[in-house]
$ cat input-v4.csv   # CSV, C-alpha atoms
chain,number,residue,atom,x,y,z
A,1,MET,CA,85.0,78.1,-2.4
A,2,HIS,CA,88.6,77.7,-3.6
A,3,ILE,CA,90.0,75.0,-5.8
A,4,PRO,CA,92.2,72.5,-4.0
A,5,ASP,CA,95.7,71.3,-5.2
A,6,GLY,CA,96.0,68.9,-8.0
A,7,PHE,CA,93.1,69.9,-10.3
A,8,ILE,CA,94.8,72.7,-12.2
A,9,SER,CA,97.4,71.9,-14.9
A,10,PRO,CA,100.8,73.7,-15.1
A,11,LYS,CA,99.5,75.2,-18.4
A,12,ALA,CA,97.1,77.2,-16.3
A,13,TYR,CA,98.8,77.7,-13.0
A,14,VAL,CA,102.2,78.8,-14.3
A,15,PRO,CA,100.8,81.7,-16.4
A,16,ALA,CA,98.5,82.5,-13.5
A,17,TYR,CA,101.5,82.8,-11.2
A,18,VAL,CA,103.2,85.1,-13.7
A,19,ALA,CA,100.1,87.3,-13.9
A,20,ALA,CA,99.4,87.2,-10.2
A,21,ALA,CA,103.1,88.1,-9.3
A,22,GLY,CA,102.9,91.2,-11.5
A,23,LEU,CA,99.5,92.2,-10.0
A,24,TRP,CA,100.7,91.5,-6.4
A,25,SER,CA,103.7,93.8,-7.0
A,26,TYR,CA,101.4,96.5,-8.5
A,27,ALA,CA,98.9,96.2,-5.7
A,28,LEU,CA,101.5,96.5,-3.0
A,29,GLY,CA,102.9,99.6,-4.8
A,30,ARG,CA,99.5,101.1,-4.9
A,31,VAL,CA,98.7,100.5,-1.3
A,32,ARG,CA,102.2,101.8,-0.3
A,33,ARG,CA,101.6,105.0,-2.3
A,34,ASN,CA,98.3,105.6,-0.5
A,35,LEU,CA,99.2,104.6,3.0
A,36,ASP,CA,103.0,105.1,3.1
A,37,ASP,CA,104.4,103.6,6.4
A,38,GLU,CA,101.1,102.1,7.4
A,39,ALA,CA,100.8,100.0,4.2
A,40,ILE,CA,102.4,96.8,5.6
A,41,PRO,CA,100.7,96.9,9.0
A,42,ARG,CA,97.3,97.8,7.4
A,43,VAL,CA,97.5,94.9,4.8
A,44,ALA,CA,98.6,92.5,7.6
A,45,VAL,CA,95.8,93.3,10.0
A,46,LEU,CA,93.2,93.3,7.2
A,47,THR,CA,94.5,89.9,6.2
A,48,ALA,CA,93.8,88.7,9.8
A,49,PHE,CA,90.4,90.4,9.5
A,50,SER,CA,89.8,88.5,6.2
A,51,PHE,CA,90.9,85.3,7.9
A,52,VAL,CA,88.5,85.7,10.8
A,53,LEU,CA,85.7,86.6,8.4
A,54,MET,CA,86.3,83.3,6.7
A,55,MET,CA,85.7,81.6,10.1
A,56,ILE,CA,82.1,83.1,10.4
A,57,LEU,CA,79.4,80.5,9.6
A,58,LEU,CA,76.5,81.9,7.6
A,59,PRO,CA,73.2,80.0,7.9
A,60,LEU,CA,71.4,79.4,4.6
A,61,PRO,CA,67.9,78.4,3.7
A,62,GLY,CA,67.4,74.7,4.0
A,63,GLY,CA,69.3,74.4,7.3
A,64,THR,CA,72.8,74.4,5.9
A,65,SER,CA,75.6,76.9,6.6
A,66,VAL,CA,78.7,78.1,4.7
A,67,HIS,CA,81.8,80.0,5.6
A,68,ALA,CA,81.8,83.7,4.8
A,69,ALA,CA,84.5,85.0,2.4
A,70,GLY,CA,84.4,88.7,3.3
A,71,ILE,CA,85.6,89.9,-0.2
A,72,GLY,CA,82.7,92.3,-0.5
A,73,VAL,CA,83.4,94.0,2.9
A,74,LEU,CA,87.2,94.4,2.1
A,75,ALA,CA,86.6,95.7,-1.5
A,76,VAL,CA,83.9,98.2,-0.5
A,77,LEU,CA,85.7,99.6,2.5
A,78,PHE,CA,89.4,99.4,1.4
A,79,GLY,CA,89.4,99.0,-2.4
A,80,VAL,CA,90.1,96.2,-4.9
A,81,TRP,CA,93.9,96.1,-4.5
A,82,THR,CA,93.8,95.8,-0.7
A,83,ALA,CA,91.2,93.1,-1.0
A,84,PHE,CA,93.3,91.3,-3.6
A,85,LEU,CA,96.5,91.4,-1.4
A,86,CYS,CA,94.6,90.3,1.8
A,87,VAL,CA,92.8,87.4,0.1
A,88,SER,CA,96.1,86.3,-1.5
A,89,LEU,CA,97.9,86.4,1.8
A,90,VAL,CA,95.1,84.5,3.6
A,91,LEU,CA,95.5,81.8,0.9
A,92,LEU,CA,99.3,81.7,1.4
A,93,LEU,CA,99.0,81.5,5.2
A,94,GLN,CA,96.5,78.7,4.8
A,95,ALA,CA,98.8,76.8,2.5
A,96,LEU,CA,102.1,77.3,4.5
A,97,LEU,CA,100.8,77.2,8.1
A,98,PHE,CA,97.8,74.9,7.9
A,99,GLY,CA,98.6,72.9,4.7
A,100,SER,CA,95.1,73.6,3.3
A,101,GLY,CA,94.2,75.2,0.0
A,102,GLY,CA,97.2,74.4,-2.1
A,103,ILE,CA,100.2,76.0,-3.7
A,104,THR,CA,99.4,75.2,-7.3
A,105,SER,CA,95.9,76.6,-7.2
A,106,LEU,CA,96.9,79.6,-5.1
A,107,PRO,CA,97.2,82.2,-8.0
A,108,VAL,CA,94.0,81.1,-9.7
A,109,ASN,CA,92.1,81.3,-6.4
A,110,ALA,CA,93.7,84.6,-5.5
A,111,LEU,CA,92.9,86.2,-8.9
A,112,ALA,CA,89.3,84.8,-8.9
A,113,MET,CA,88.5,85.7,-5.3
A,114,GLY,CA,90.6,88.7,-4.5
A,115,LEU,CA,90.8,90.5,-7.9
A,116,ILE,CA,87.7,89.5,-9.8
A,117,GLY,CA,85.5,89.1,-6.8
A,118,GLY,CA,86.9,92.4,-5.3
A,119,THR,CA,86.4,94.2,-8.6
A,120,ALA,CA,82.8,93.0,-9.0
A,121,ALA,CA,82.1,94.1,-5.4
A,122,ALA,CA,83.7,97.6,-5.7
A,123,ALA,CA,82.2,98.3,-9.2
A,124,SER,CA,78.7,97.2,-8.3
A,125,TYR,CA,78.8,99.2,-5.0
A,126,ARG,CA,80.0,102.3,-6.9
A,127,LEU,CA,77.3,101.9,-9.5
A,128,LEU,CA,74.3,101.2,-7.2
A,129,ARG,CA,75.2,103.3,-4.2
A,130,PRO,CA,73.5,106.5,-5.6
A,131,LEU,CA,70.3,104.4,-5.9
A,132,HIS,CA,70.2,102.5,-2.6
A,133,GLU,CA,73.0,102.1,-0.1
A,134,ARG,CA,71.9,98.8,1.4
A,135,ALA,CA,71.0,97.3,-1.9
A,136,ALA,CA,74.4,98.3,-3.3
A,137,LEU,CA,76.1,96.6,-0.3
A,138,PHE,CA,74.1,93.5,-0.8
A,139,ALA,CA,74.9,93.4,-4.5
A,140,ALA,CA,78.6,93.9,-3.7
A,141,GLY,CA,78.6,90.8,-1.4
A,142,TRP,CA,76.5,88.7,-3.7
A,143,LEU,CA,78.4,89.6,-6.9
A,144,SER,CA,81.8,89.2,-5.3
A,145,ILE,CA,81.0,85.5,-4.5
A,146,ASN,CA,79.3,84.8,-7.8
A,147,PHE,CA,81.9,86.4,-10.1
A,148,ALA,CA,84.7,84.6,-8.2
A,149,ALA,CA,82.8,81.4,-8.4
A,150,LEU,CA,82.3,81.9,-12.2
A,151,VAL,CA,86.0,82.4,-12.8
A,152,LEU,CA,86.8,79.3,-10.7
A,153,ALA,CA,84.2,77.3,-12.6
A,154,ILE,CA,85.8,78.4,-15.9
A,155,ALA,CA,89.3,77.6,-14.6
A,156,LEU,CA,88.2,74.1,-13.7
A,157,GLY,CA,86.0,73.6,-16.8
A,158,VAL,CA,88.8,74.4,-19.2
A,159,GLN,CA,91.2,71.8,-17.7
A,160,PRO,CA,90.0,68.9,-19.9
A,161,SER,CA,90.8,70.9,-23.0
A,162,LEU,CA,94.1,72.2,-21.6
A,163,ALA,CA,95.5,69.0,-20.4
A,164,ARG,CA,94.6,65.6,-21.8
A,165,SER,CA,96.4,62.4,-22.9
A,166,PRO,CA,96.7,61.4,-26.6
A,167,ASP,CA,93.6,59.2,-26.2
A,168,GLY,CA,91.6,62.2,-25.0
A,169,THR,CA,91.5,61.2,-21.3
A,170,PRO,CA,91.7,64.4,-19.1
A,171,LEU,CA,94.8,64.6,-17.0
A,172,PHE,CA,93.6,66.9,-14.2
A,173,PHE,CA,89.9,67.7,-13.9
A,174,PRO,CA,87.4,65.6,-15.8
A,175,PHE,CA,84.5,67.9,-16.3
A,176,GLY,CA,84.1,70.6,-19.0
A,177,LEU,CA,82.3,74.0,-18.7
A,178,SER,CA,78.9,72.5,-19.3
A,179,VAL,CA,79.2,70.7,-16.0
A,180,THR,CA,81.4,73.0,-13.9
A,181,ILE,CA,79.4,76.2,-14.5
A,182,PRO,CA,76.0,75.0,-13.3
A,183,ALA,CA,77.6,72.8,-10.6
A,184,VAL,CA,79.5,75.7,-9.1
A,185,MET,CA,77.1,78.6,-9.9
A,186,ILE,CA,73.8,77.2,-8.7
A,187,PRO,CA,75.0,76.7,-5.0
A,188,HIS,CA,76.9,80.0,-5.1
A,189,ALA,CA,73.8,81.9,-6.1
A,190,VAL,CA,72.4,80.8,-2.7
A,191,ILE,CA,75.7,81.2,-0.8
A,192,GLY,CA,75.9,84.8,-2.2
A,193,VAL,CA,72.7,85.7,-0.3
A,194,GLY,CA,74.5,85.0,3.0
A,195,GLU,CA,77.6,87.0,1.8
A,196,GLY,CA,75.4,89.9,0.7
A,197,ALA,CA,73.6,90.0,4.1
A,198,LEU,CA,77.0,89.9,5.9
A,199,THR,CA,78.3,92.8,3.8
A,200,VAL,CA,75.2,94.9,4.6
A,201,ILE,CA,75.4,94.2,8.3
A,202,VAL,CA,79.2,94.6,8.8
A,203,CYS,CA,79.5,97.8,6.6
A,204,GLY,CA,76.3,99.2,8.2
A,205,LEU,CA,77.4,98.6,11.8
A,206,PHE,CA,80.9,99.9,11.0
A,207,ALA,CA,79.5,103.1,9.4
A,208,LYS,CA,77.2,103.6,12.5
A,209,LEU,CA,80.1,103.1,14.9
A,210,ALA,CA,82.3,105.5,12.9
A,211,LYS,CA,79.4,108.1,12.9
A,212,GLU,CA,79.0,107.8,16.7
A,213,ARG,CA,82.8,108.1,17.3
A,214,GLY,CA,82.9,111.1,15.0
A,215,SER,CA,80.0,113.0,16.7
B,1,MET,CA,118.8,78.4,4.9
B,2,ARG,CA,117.5,74.9,5.5
B,3,ASP,CA,113.9,76.2,5.5
B,4,LYS,CA,114.4,78.2,2.4
B,5,ALA,CA,115.9,75.2,0.6
B,6,ALA,CA,113.0,73.0,1.8
B,7,LEU,CA,110.5,75.5,0.5
B,8,PHE,CA,112.2,75.6,-2.9
B,9,LEU,CA,112.5,71.8,-3.0
B,10,TYR,CA,108.8,71.6,-2.2
B,11,ALA,CA,107.9,74.0,-5.0
B,12,ALA,CA,110.1,72.1,-7.5
B,13,THR,CA,108.6,68.7,-6.4
B,14,VAL,CA,105.1,70.1,-6.8
B,15,LEU,CA,105.9,71.3,-10.3
B,16,CYS,CA,107.3,67.9,-11.2
B,17,VAL,CA,104.3,66.1,-9.7
B,18,THR,CA,102.0,68.1,-11.9
B,19,LEU,CA,104.2,67.5,-15.0
B,20,VAL,CA,104.3,63.7,-14.5
B,21,HIS,CA,101.3,61.7,-15.7
B,22,ASP,CA,102.6,58.2,-15.4
B,23,ILE,CA,100.8,56.4,-12.5
B,24,ARG,CA,103.8,54.2,-11.6
B,25,LEU,CA,106.0,57.2,-11.3
B,26,LEU,CA,103.5,59.1,-9.2
B,27,ALA,CA,103.1,56.0,-7.0
B,28,ALA,CA,106.9,55.6,-6.7
B,29,THR,CA,107.2,59.3,-5.7
B,30,LEU,CA,104.6,58.8,-3.1
B,31,ALA,CA,106.4,55.7,-1.7
B,32,VAL,CA,109.7,57.7,-1.5
B,33,VAL,CA,108.0,60.6,0.2
B,34,LEU,CA,106.3,58.3,2.7
B,35,LEU,CA,109.6,56.6,3.5
B,36,PHE,CA,111.3,60.0,3.9
B,37,SER,CA,108.6,61.1,6.4
B,38,GLY,CA,109.6,58.3,8.8
B,39,ARG,CA,107.4,57.7,11.8
B,40,SER,CA,105.1,60.7,11.1
B,41,ALA,CA,104.0,59.1,7.8
B,42,PRO,CA,100.7,57.5,9.1
B,43,ARG,CA,99.7,60.7,10.9
B,44,LEU,CA,100.4,62.9,7.8
B,45,ALA,CA,98.7,60.4,5.5
B,46,ALA,CA,95.6,60.3,7.7
B,47,ARG,CA,95.5,64.2,7.7
B,48,ALA,CA,95.9,64.3,3.9
B,49,GLY,CA,93.3,61.7,3.4
B,50,ARG,CA,90.8,63.6,5.6
B,51,ALA,CA,91.6,66.9,3.8
B,52,ILE,CA,90.8,65.6,0.3
B,53,LEU,CA,88.1,63.1,1.2
B,54,VAL,CA,85.0,65.2,0.4
B,55,PHE,CA,86.1,67.0,-2.7
B,56,ASN,CA,87.8,64.0,-4.3
B,57,ALA,CA,85.0,61.7,-3.4
B,58,ALA,CA,82.5,64.1,-5.0
B,59,VAL,CA,84.6,64.4,-8.2
B,60,SER,CA,85.4,60.7,-8.4
B,61,VAL,CA,81.8,59.5,-7.9
B,62,SER,CA,80.4,62.1,-10.4
B,63,TYR,CA,83.1,61.2,-12.9
B,64,ALA,CA,82.4,57.4,-12.5
B,65,ALA,CA,78.7,57.8,-12.9
B,66,LEU,CA,78.8,60.1,-15.9
B,67,ALA,CA,81.6,58.2,-17.7
B,68,LEU,CA,79.8,54.8,-17.1
B,69,LEU,CA,76.7,56.3,-18.6
B,70,ARG,CA,78.6,57.6,-21.6
B,71,GLY,CA,80.7,54.5,-21.9
B,72,THR,CA,84.0,56.4,-21.5
B,73,PHE,CA,85.0,55.2,-18.1
B,74,GLN,CA,88.8,55.2,-17.6
B,75,PRO,CA,89.9,53.7,-14.2
B,76,GLU,CA,93.4,55.0,-14.8
B,77,PHE,CA,92.1,58.6,-14.8
B,78,LEU,CA,90.5,58.1,-11.4
B,79,LEU,CA,93.7,56.5,-10.0
B,80,ARG,CA,96.0,59.2,-11.5
B,81,MET,CA,93.8,62.1,-10.2
B,82,ASN,CA,93.4,60.7,-6.7
B,83,LEU,CA,97.1,59.7,-6.5
B,84,ARG,CA,98.3,63.1,-7.6
B,85,VAL,CA,95.9,65.1,-5.3
B,86,PHE,CA,96.9,62.9,-2.3
B,87,LEU,CA,100.6,63.3,-3.1
B,88,LEU,CA,100.3,67.1,-3.4
B,89,THR,CA,98.3,67.3,-0.2
B,90,TYR,CA,100.7,65.0,1.7
B,91,LEU,CA,103.6,67.1,0.5
B,92,ALA,CA,101.9,70.3,1.8
B,93,PHE,CA,101.4,68.7,5.2
B,94,LEU,CA,104.9,67.3,5.3
B,95,LEU,CA,106.3,70.8,4.5
B,96,VAL,CA,104.2,72.4,7.2
B,97,SER,CA,105.4,69.9,9.7
B,98,ARG,CA,109.1,70.2,8.8
B,99,ILE,CA,109.8,73.9,8.2
B,100,ASN,CA,109.6,77.2,9.9
B,101,PRO,CA,107.6,79.3,7.4
B,102,PHE,CA,109.0,82.5,8.7
B,103,ARG,CA,112.6,81.5,8.0
B,104,ALA,CA,111.5,80.0,4.7
B,105,LEU,CA,110.0,83.3,3.5
B,106,SER,CA,113.0,85.4,4.6
B,107,PHE,CA,114.1,85.8,1.0
B,108,SER,CA,111.5,88.6,0.7
B,109,PRO,CA,111.6,91.2,3.6
B,110,ALA,CA,108.2,92.7,2.6
B,111,LEU,CA,106.5,89.3,2.4
B,112,LEU,CA,108.1,88.2,5.7
B,113,HIS,CA,106.9,91.3,7.5
B,114,LEU,CA,103.4,90.9,6.1
B,115,PHE,CA,103.3,87.2,7.0
B,116,THR,CA,104.7,87.7,10.5
B,117,LEU,CA,102.3,90.6,11.4
B,118,ALA,CA,99.3,88.8,9.8
B,119,TYR,CA,100.0,85.6,11.7
B,120,GLY,CA,100.4,87.4,15.0
B,121,GLN,CA,97.0,89.2,14.5
B,122,ILE,CA,95.3,85.9,13.3
B,123,ILE,CA,96.2,84.3,16.6
B,124,VAL,CA,94.7,87.2,18.6
B,125,PHE,CA,91.6,87.4,16.3
B,126,ARG,CA,91.0,83.6,16.5
B,127,ARG,CA,91.0,83.7,20.3
B,128,LEU,CA,88.6,86.6,20.3
B,129,PHE,CA,86.4,84.9,17.7
B,130,ASP,CA,86.2,81.9,20.0
B,131,ASP,CA,85.0,84.2,22.8
B,132,PHE,CA,82.3,85.6,20.5
B,133,ARG,CA,81.2,82.1,19.6
B,134,LEU,CA,81.1,80.9,23.2
B,135,ALA,CA,79.4,84.1,24.4
B,136,LEU,CA,76.5,83.6,21.9
B,137,LYS,CA,76.3,79.9,22.9
B,138,SER,CA,76.2,80.5,26.6
B,139,ARG,CA,73.6,83.2,26.3
B,140,SER,CA,71.3,81.2,24.1
B,141,PRO,CA,69.5,78.4,26.0
B,142,ALA,CA,67.3,77.7,23.0
B,143,ARG,CA,68.3,77.0,19.4
B,144,ILE,CA,69.7,80.2,17.9
B,145,GLY,CA,67.6,81.6,15.0
B,146,THR,CA,68.9,82.7,11.6
B,147,ARG,CA,68.3,86.4,12.3
B,148,ASP,CA,70.3,86.2,15.6
B,149,LEU,CA,73.1,84.3,13.9
B,150,TYR,CA,73.4,87.0,11.3
B,151,ARG,CA,73.3,89.8,13.9
B,152,ASN,CA,76.0,88.0,15.8
B,153,ALA,CA,78.1,87.6,12.6
B,154,GLY,CA,77.7,91.2,11.7
B,155,ALA,CA,78.6,92.4,15.3
B,156,ALA,CA,81.7,90.2,15.2
B,157,GLY,CA,82.6,91.4,11.8
B,158,SER,CA,82.3,95.1,12.6
B,159,PHE,CA,84.2,94.5,15.9
B,160,PHE,CA,87.1,92.9,14.1
B,161,LEU,CA,87.1,95.6,11.5
B,162,GLU,CA,87.4,98.3,14.1
B,163,LYS,CA,90.0,96.3,16.0
B,164,ALA,CA,92.0,95.7,12.8
B,165,LEU,CA,92.1,99.4,12.0
B,166,HIS,CA,93.1,100.3,15.6
B,167,SER,CA,95.8,97.6,15.6
B,168,SER,CA,97.1,98.8,12.2
B,169,THR,CA,97.7,102.3,13.6
B,170,GLU,CA,99.1,100.9,16.8
B,171,ILE,CA,101.6,98.6,15.0
B,172,THR,CA,102.7,101.4,12.7
B,173,GLU,CA,103.4,103.6,15.6
B,174,ALA,CA,105.3,100.8,17.4
B,175,MET,CA,107.3,100.1,14.3
B,176,ARG,CA,108.0,103.8,13.7
B,177,SER,CA,109.1,104.3,17.3
B,178,ARG,CA,111.6,101.5,17.0
B,179,GLY,CA,113.1,103.1,13.9
B,180,PHE,CA,111.7,100.5,11.5
B,181,PHE,CA,110.8,103.0,8.7
B,182,ARG,CA,113.3,105.1,6.9
B,183,ASP,CA,113.6,108.6,8.2
B,184,PRO,CA,112.3,110.8,5.4
B,185,ARG,CA,114.6,113.7,6.3
$ encode --input "input-v4.csv" --output "structure tokens"
Amino acid sequence: MHIPDGFISPKAYVPAYVAAAGLWSYALGRVRRNLDDEAIPRVAVLTAFSFVLMMILLPLPGGTSVHAAGIGVLAVLFGVWTAFLCVSLVLLLQALLFGSGGITSLPVNALAMGLIGGTAAAASYRLLRPLHERAALFAAGWLSINFAALVLAIALGVQPSLARSPDGTPLFFPFGLSVTIPAVMIPHAVIGVGEGALTVIVCGLFAKLAKERGS
Amino acid sequence: MRDKAALFLYAATVLCVTLVHDIRLLAATLAVVLLFSGRSAPRLAARAGRAILVFNAAVSVSYAALALLRGTFQPEFLLRMNLRVFLLTYLAFLLVSRINPFRALSFSPALLHLFTLAYGQIIVFRRLFDDFRLALKSRSPARIGTRDLYRNAGAAGSFFLEKALHSSTEITEAMRSRGFFRDPR
């Protein structure tokens, strides 16, 4: 779901790097305060967990399948800041080890997927949990994907206004918000169903296992 | 030092490539980078081409169709966009093929520890994930249904979650026993 390199102008990615750097530092500080010595190993292994979740193929209606993102699972179980750090680190690993994703779009992708997606998941779960546990988990997964997609659609859609030549030709991405929002959001409304289902199953099974181990 | 310098050079080049909008200059930069890559240039170019093919083709075709309908078609835009995306992707693959990312990130100890530990765990998790995938395949003579695929995905997810938490404690203890953390006393 992330934006590749070359479609985001420096007017967007430079401020995004500044904002993300501050938030990464704050997030690491928060996780360190909560976990002390275990902070770095915990974030590292959850990053690997996030990476492997992104390898899982989710079948969708119509015979297609998409990769899971796992933002809902991370945010519900470990909180927004851990989810933000893990998703950001996955994006950095993909860029530096596998050459995929992109270094210019990294902060925009990290803020959209890790922070906004994670916040949407954690907030909806907290809000809906008293009503229905499984519905709250499904909403967390669905909303994490859709909020992240909305931010990415906006980030792409504002590019023609942010960067264009004197004759009005866009310099990075050609389509405005009227095209990017429906083009990104309509498929993600369906993709979110798979993500929601995965969040319900993984969190449900994990809670069951924890209960069995505890008893 | 060489890896760190290469990483900073890459970051500076990427910034310049996104600040330059002249097609001739972008093409000249690409030519220089291709020459600098030597014999690995065709392989890296093929990888970069494959990596951008789907997204760029979708954007290019949609742009061409919409702009032709509106009478605003600008071939230079298409050339500039595709040239820049290809150049940036090529640079990323060139960087990956030439540097040791662990040495390159050594300017930040916290980032280096996170990167190293995460990469080590990713290797282990990827192998285990392949086992999960092959196990499902080998035990399913017929086409696997959606419900079973989700069950398998959920089981894999919860397994990796449990393993991650276990590994986290194990790694922390291993690091502590080797005196990695400061003694609070």
$ closest_atom_pairs --input "input-v4.csv" --of "region 1-64 of chain A" --to "region 77-94 of chain A" --cutoff "12 Å" --atoms "all atoms listed in the file" --output "tab-separated table"
residue	atom	partner	partner_atom	distance
A:Met1	CA	A:Leu91	CA	11.6
A:His2	CA	A:Leu91	CA	9.2
A:Ile3	CA	A:Leu91	CA	11.0
A:Pro4	CA	A:Leu91	CA	11.0
A:Tyr17	CA	A:Ser88	CA	11.6
A:Ala20	CA	A:Ser88	CA	9.3
A:Ala21	CA	A:Ser88	CA	10.6
A:Gly22	CA	A:Leu85	CA	12.0
A:Leu23	CA	A:Trp81	CA	8.8
A:Trp24	CA	A:Leu85	CA	6.5
A:Ser25	CA	A:Leu85	CA	9.4
A:Tyr26	CA	A:Trp81	CA	8.5
A:Ala27	CA	A:Trp81	CA	5.1
A:Leu28	CA	A:Leu85	CA	7.3
A:Gly29	CA	A:Trp81	CA	9.7
A:Arg30	CA	A:Trp81	CA	7.5
A:Val31	CA	A:Thr82	CA	6.8
A:Arg32	CA	A:Thr82	CA	10.3
A:Arg33	CA	A:Trp81	CA	12.0
A:Asn34	CA	A:Thr82	CA	10.8
A:Leu35	CA	A:Thr82	CA	11.0
A:Ala39	CA	A:Thr82	CA	9.5
A:Ile40	CA	A:Leu85	CA	10.6
A:Pro41	CA	A:Cys86	CA	11.5
A:Arg42	CA	A:Thr82	CA	9.0
A:Val43	CA	A:Cys86	CA	6.2
A:Ala44	CA	A:Cys86	CA	7.4
A:Val45	CA	A:Cys86	CA	8.8
A:Leu46	CA	A:Cys86	CA	6.3
A:Thr47	CA	A:Cys86	CA	4.4
A:Ala48	CA	A:Val90	CA	7.6
A:Phe49	CA	A:Cys86	CA	8.8
A:Ser50	CA	A:Cys86	CA	6.8
A:Phe51	CA	A:Val90	CA	6.1
A:Val52	CA	A:Val90	CA	9.8
A:Leu53	CA	A:Val90	CA	10.8
A:Met54	CA	A:Val90	CA	9.4
A:Met55	CA	A:Val90	CA	11.8
$ interface_residues --input "input-v4.csv" --of "chain B" --to "chain A" --cutoff "6 Å" --atoms "only C-alpha atoms" --output "PyMOL selection string"
chain B and resi 85+92-93+96+114+117-118+121-122+154+157-158+164+168+172
$ write_last_selection --input "input-v4.csv" --atoms "C-alpha atoms" --output "short mmCIF file (atom, residue, chain, number, x, y, z; two decimals), in the frame of the given file"
data_model
loop_
_atom_site.label_atom_id
_atom_site.label_comp_id
_atom_site.auth_asym_id
_atom_site.auth_seq_id
_atom_site.Cartn_x
_atom_site.Cartn_y
_atom_site.Cartn_z
CA VAL B 85 95.90 65.10 -5.30
CA ALA B 92 101.90 70.30 1.80
CA PHE B 93 101.40 68.70 5.20
CA VAL B 96 104.20 72.40 7.20
CA LEU B 114 103.40 90.90 6.10
CA LEU B 117 102.30 90.60 11.40
CA ALA B 118 99.30 88.80 9.80
CA GLN B 121 97.00 89.20 14.50
CA ILE B 122 95.30 85.90 13.30
CA GLY B 154 77.70 91.20 11.70
CA GLY B 157 82.60 91.40 11.80
CA SER B 158 82.30 95.10 12.60
CA ALA B 164 92.00 95.70 12.80
CA SER B 168 97.10 98.80 12.20
CA THR B 172 102.70 101.40 12.70
#
$ residues_around --input "input-v4.csv" --residues "Ser106 (chain B)" --least-positions-apart "6" --cutoff "12 Å" --atoms "all atoms listed in the file" --output "NGL selection string"
:B and (1-5 or 7 or 100 or 112-116)
$ atom_distance --input "input-v4.csv" --atom1 "CA of Ile52 (chain B)" --atom2 "CA of Ile191 (chain A)"
21.7 Å
$ closest_residue --input "input-v4.csv" --among "A:Val76, A:His67, A:Arg213, A:Leu131" --to "Gly118 (chain A)" --atoms "all atoms listed in the file"
A:Val76
$ decode --input "input-v4.csv" --residues "region 149-159 of chain A" --atoms "N, CA, C and O atoms" --output "mmCIF file, in the first residue's frame"
data_model
loop_
_atom_site.group_PDB
_atom_site.id
_atom_site.type_symbol
_atom_site.label_atom_id
_atom_site.label_comp_id
_atom_site.auth_asym_id
_atom_site.auth_seq_id
_atom_site.Cartn_x
_atom_site.Cartn_y
_atom_site.Cartn_z
ATOM 1 N N ALA A 149 -4.522 4.501 4.150
ATOM 2 C CA ALA A 149 -4.741 4.696 2.709
ATOM 3 C C ALA A 149 -5.225 6.112 2.419
ATOM 4 O O ALA A 149 -4.810 6.726 1.433
ATOM 5 N N LEU A 150 -6.083 6.641 3.293
ATOM 6 C CA LEU A 150 -6.605 7.996 3.094
ATOM 7 C C LEU A 150 -5.467 9.025 3.161
ATOM 8 O O LEU A 150 -5.382 9.927 2.313
ATOM 9 N N VAL A 151 -4.581 8.855 4.140
ATOM 10 C CA VAL A 151 -3.459 9.795 4.274
ATOM 11 C C VAL A 151 -2.543 9.692 3.047
ATOM 12 O O VAL A 151 -2.082 10.704 2.508
ATOM 13 N N LEU A 152 -2.299 8.459 2.590
ATOM 14 C CA LEU A 152 -1.442 8.280 1.409
ATOM 15 C C LEU A 152 -2.103 8.877 0.161
ATOM 16 O O LEU A 152 -1.427 9.486 -0.673
ATOM 17 N N ALA A 153 -3.424 8.717 0.062
ATOM 18 C CA ALA A 153 -4.152 9.291 -1.083
ATOM 19 C C ALA A 153 -4.051 10.816 -1.052
ATOM 20 O O ALA A 153 -3.867 11.454 -2.098
ATOM 21 N N ILE A 154 -4.149 11.389 0.147
ATOM 22 C CA ILE A 154 -4.039 12.853 0.273
ATOM 23 C C ILE A 154 -2.608 13.300 -0.070
ATOM 24 O O ILE A 154 -2.407 14.261 -0.803
ATOM 25 N N ALA A 155 -1.625 12.530 0.459
ATOM 26 C CA ALA A 155 -0.214 12.875 0.185
ATOM 27 C C ALA A 155 0.064 12.866 -1.321
ATOM 28 O O ALA A 155 0.774 13.733 -1.835
ATOM 29 N N LEU A 156 -0.492 11.896 -2.020
ATOM 30 C CA LEU A 156 -0.304 11.843 -3.483
ATOM 31 C C LEU A 156 -1.117 12.933 -4.176
ATOM 32 O O LEU A 156 -0.629 13.599 -5.094
ATOM 33 N N GLY A 157 -2.340 13.120 -3.718
ATOM 34 C CA GLY A 157 -3.262 14.048 -4.382
ATOM 35 C C GLY A 157 -2.872 15.511 -4.272
ATOM 36 O O GLY A 157 -3.292 16.313 -5.108
ATOM 37 N N VAL A 158 -2.085 15.857 -3.239
ATOM 38 C CA VAL A 158 -1.685 17.274 -3.112
ATOM 39 C C VAL A 158 -0.419 17.585 -3.924
ATOM 40 O O VAL A 158 -0.045 18.750 -4.050
ATOM 41 N N GLN A 159 0.223 16.563 -4.483
ATOM 42 C CA GLN A 159 1.475 16.788 -5.221
ATOM 43 C C GLN A 159 1.328 17.748 -6.416
ATOM 44 O O GLN A 159 2.174 18.618 -6.611
#
